[in-house]
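Visitor: Let me give you the structure first, and then I'll get to my questions.
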Amino acid sequence: MAMKIGIQSASPLTLAVIRFLIAGILMVSVLQIFLKEKLPSKSEWLKITVFGLLNITIYLGCLFAAIEFVSAGLMNLFISINPILIVLFSILFLNRKVSKREIVGFLICFIGLTIATLPVLQESKASVIGIILLLIGMSSYSIGSVYYKKIDLKLSNRSINGWQTLIGGVFLIPAAYLMNNKSIILDSNFYTSLFWLTIVISIFATLLWLNLLKKDTVKASKWLFLAPVFGYVFYLF
């Protein structure tokens, strides 16, 4: 919903790049100047770059690009696919055993969200391009979540979040430049959206998510089912 508000005042990918660069610079500055955190090693730079590409450049780049082609309701439904994909990738790449109870629980949540989405979908717009972008983005996010668990970086979560956000934002600049189709309007929509996406999501919510991923990717993915629920609540208002 914050993305839908923000693109009234800026091109989607332009808004995304501004968000990631501000969040990344803020976090990295605080970490290096005030908290004196160590820089990543040579091998860690590569891992963080890959994670930033999967988690920021591809995933969120695709979501921001897709917002012009699909409705917020349809995007909410696709977000509920993420937990299923994370479970599948965890089984394949982490050898994580999933109990029958967990499988049943995931299916019930997904079916419930699909049923809840049907009334919204009847009034939704969608295009083949938008759906392809969403599928690429969701797959990248799920792979990125499993990849983060697998690489087991020794850096703090706040350091990883800062650098992956900044690096992912930098890699998104060329696409944002090529797809920019409107001038930025510095109004309340722009600032409200930017504040929520930058401070609340990119900094605080992502730190919580990384903490959950380090413990267990499958258990962490269960919380993603709440994202569409709150999305629909906000959609109604």
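Labels for the structure tokens follow display order: chains A, B, ..., residues from 1 in each chain, ligands from 1.
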Residues of region 60-152 of chain A that approach region 216-235 of chain A to 10 Å or less, counting only C-alpha atoms: could you list each one with the shortest pair of atoms and its distance in Å to one decimal, rows by chain and increasing residue number, as a Markdown table?

Guide:
| residue | atom | partner | partner_atom | distance |
| --- | --- | --- | --- | --- |
| A:Ala72 | CA | A:Tyr235 | CA | 7.9 |
| A:Gly73 | CA | A:Tyr232 | CA | 7.0 |
| A:Leu74 | CA | A:Pro228 | CA | 9.7 |
| A:Met75 | CA | A:Pro228 | CA | 8.5 |
| A:Asn76 | CA | A:Pro228 | CA | 4.8 |
| A:Leu77 | CA | A:Pro228 | CA | 6.5 |
| A:Phe78 | CA | A:Pro228 | CA | 8.7 |
| A:Ile79 | CA | A:Pro228 | CA | 6.7 |
| A:Ser80 | CA | A:Phe225 | CA | 5.6 |
| A:Ile81 | CA | A:Phe225 | CA | 8.7 |
| A:Asn82 | CA | A:Leu224 | CA | 7.3 |
| A:Pro83 | CA | A:Ser221 | CA | 4.7 |
| A:Ile84 | CA | A:Ser221 | CA | 8.1 |
| A:Leu85 | CA | A:Ser221 | CA | 9.2 |
| A:Ile86 | CA | A:Val218 | CA | 6.7 |
| A:Val87 | CA | A:Val218 | CA | 5.6 |
| A:Leu88 | CA | A:Val218 | CA | 9.3 |
| A:Phe89 | CA | A:Val218 | CA | 9.6 |
| A:Ser90 | CA | A:Thr217 | CA | 7.1 |
| A:Ile91 | CA | A:Val218 | CA | 9.3 |
| A:Leu94 | CA | A:Thr217 | CA | 9.4 |
| A:Arg96 | CA | A:Val218 | CA | 8.3 |
| A:Lys97 | CA | A:Val218 | CA | 9.5 |
| A:Val98 | CA | A:Val218 | CA | 8.1 |
| A:Glu102 | CA | A:Val218 | CA | 9.0 |
| A:Gly105 | CA | A:Lys222 | CA | 9.1 |
| A:Phe106 | CA | A:Lys222 | CA | 7.6 |
| A:Cys109 | CA | A:Phe225 | CA | 7.0 |
| A:Phe110 | CA | A:Phe225 | CA | 7.9 |
| A:Leu113 | CA | A:Pro228 | CA | 7.6 |
| A:Ala116 | CA | A:Tyr232 | CA | 8.9 |
| A:Thr117 | CA | A:Tyr232 | CA | 8.4 |
| A:Val120 | CA | A:Tyr232 | CA | 8.9 |
| A:Ser142 | CA | A:Ser221 | CA | 9.1 |
| A:Ser145 | CA | A:Thr217 | CA | 7.0 |
| A:Val146 | CA | A:Thr217 | CA | 6.7 |
| A:Tyr147 | CA | A:Thr217 | CA | 9.9 |
| A:Tyr148 | CA | A:Thr217 | CA | 9.2 |
| A:Lys149 | CA | A:Thr217 | CA | 7.1 |
| A:Lys150 | CA | A:Thr217 | CA | 9.9 |

Visitor: Please provide as a PDB file with N, CA and C atoms, in the first residue's frame all residues within 6 Å of region 54-69 of chain A, with the sequence filter that same-chain residues fewer than 3 positions apart are discarded (counting only C-alpha atoms).

Guide:
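Written out: result.pdb:
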ATOM      1  N   PRO A  12       8.115   4.127 -10.067  1.00  0.00           N
ATOM      2  CA  PRO A  12       8.316   3.052  -9.085  1.00  0.00           C
ATOM      3  C   PRO A  12       9.772   2.754  -8.764  1.00  0.00           C
ATOM      4  N   LEU A  13      10.592   2.525  -9.773  1.00  0.00           N
ATOM      5  CA  LEU A  13      11.983   2.170  -9.510  1.00  0.00           C
ATOM      6  C   LEU A  13      12.801   3.353  -8.997  1.00  0.00           C
ATOM      7  N   PHE A  51      23.564 -11.616  -1.904  1.00  0.00           N
ATOM      8  CA  PHE A  51      22.353 -11.486  -1.095  1.00  0.00           C
ATOM      9  C   PHE A  51      21.612 -10.192  -1.423  1.00  0.00           C
ATOM     10  N   ALA A 126      -4.450  -6.860 -13.940  1.00  0.00           N
ATOM     11  CA  ALA A 126      -3.250  -7.687 -14.017  1.00  0.00           C
ATOM     12  C   ALA A 126      -2.837  -7.815 -15.468  1.00  0.00           C
ATOM     13  N   SER A 127      -1.549  -7.975 -15.687  1.00  0.00           N
ATOM     14  CA  SER A 127      -1.046  -8.192 -17.032  1.00  0.00           C
ATOM     15  C   SER A 127      -0.006  -9.293 -16.967  1.00  0.00           C
ATOM     16  N   GLY A 130       3.232  -8.025 -15.507  1.00  0.00           N
ATOM     17  CA  GLY A 130       3.174  -7.864 -14.056  1.00  0.00           C
ATOM     18  C   GLY A 130       3.291  -9.187 -13.327  1.00  0.00           C
ATOM     19  N   LEU A 133       6.881 -10.517 -13.543  1.00  0.00           N
ATOM     20  CA  LEU A 133       7.733  -9.776 -12.606  1.00  0.00           C
ATOM     21  C   LEU A 133       7.535 -10.251 -11.174  1.00  0.00           C
ATOM     22  N   GLY A 137      10.301 -11.998  -8.827  1.00  0.00           N
ATOM     23  CA  GLY A 137      10.600 -11.363  -7.548  1.00  0.00           C
ATOM     24  C   GLY A 137      10.410 -12.296  -6.368  1.00  0.00           C
ATOM     25  N   SER A 140      13.146 -14.947  -6.289  1.00  0.00           N
ATOM     26  CA  SER A 140      14.414 -14.372  -5.857  1.00  0.00           C
ATOM     27  C   SER A 140      14.443 -14.165  -4.345  1.00  0.00           C
ATOM     28  N   TYR A 141      13.317 -13.680  -3.786  1.00  0.00           N
ATOM     29  CA  TYR A 141      13.236 -13.444  -2.339  1.00  0.00           C
ATOM     30  C   TYR A 141      13.363 -14.743  -1.561  1.00  0.00           C
ATOM     31  N   GLY A 144      16.853 -16.019  -1.835  1.00  0.00           N
ATOM     32  CA  GLY A 144      17.695 -15.172  -1.001  1.00  0.00           C
ATOM     33  C   GLY A 144      17.590 -15.514   0.473  1.00  0.00           C
ATOM     34  N   GLY A 168      22.349  -3.384  -3.005  1.00  0.00           N
ATOM     35  CA  GLY A 168      21.182  -3.687  -3.833  1.00  0.00           C
ATOM     36  C   GLY A 168      20.605  -2.446  -4.486  1.00  0.00           C
ATOM     37  N   LEU A 172      20.421  -1.233  -8.660  1.00  0.00           N
ATOM     38  CA  LEU A 172      19.108  -0.946  -9.234  1.00  0.00           C
ATOM     39  C   LEU A 172      19.077   0.389  -9.987  1.00  0.00           C
TER      40      LEU A 172
END

Visitor: Mind listing the alpha helix (DSSP H) residues of region 80-109 of chain A, per DSSP on the backbone, as a ChimeraX atom specification?

Guide: /A:82-94,100-109

Visitor: Would you please work out which residue, of A:Ile111, A:Gly52, A:Leu178, A:Gly6, is nearest to Ile18 (chain A) when using only C-alpha atoms?

Guide: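 That would be A:Gly6, the residue with the smallest distance to Ile18 (chain A).
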
Visitor: May I ask for the distance between CA of Lys38 (chain A) and CA of Leu53 (chain A), given in Å to one decimal place?

Guide: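 Here the two named atoms are 21.8 Å from each other.
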
Visitor: I want to know what sits within 7 Å of Ile167 (chain A), based on only C-alpha atoms, with residues of the same chain fewer than 4 positions away left out; could you give that as a VMD selection string?

Guide: chain A and resid 49 52 163 171

Visitor: Provide the CA of Lys47 (chain A) to CA of Gly169 (chain A) distance in Å, to one decimal place.

Guide: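 Between these atoms lies a distance of 15.9 Å.
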
Visitor: Which residues of region 141-185 of chain A come within 12 Å of region 29-36 of chain A, and for each one, what is the closest pair of atoms and their distance in Å to one decimal, counting only C-alpha atoms, sorted by chain and residue number, as CSV?

Guide:
residue,atom,partner,partner_atom,distance
A:Leu155,CA,A:Leu31,CA,11.6
A:Ser156,CA,A:Leu31,CA,10.2
A:Asn157,CA,A:Leu31,CA,11.2
A:Arg158,CA,A:Leu31,CA,8.0
A:Ser159,CA,A:Leu31,CA,6.8
A:Ile160,CA,A:Leu31,CA,10.5
A:Asn161,CA,A:Leu31,CA,10.7
A:Gly162,CA,A:Leu31,CA,8.3
A:Trp163,CA,A:Leu31,CA,10.1
A:Leu166,CA,A:Ser29,CA,11.0
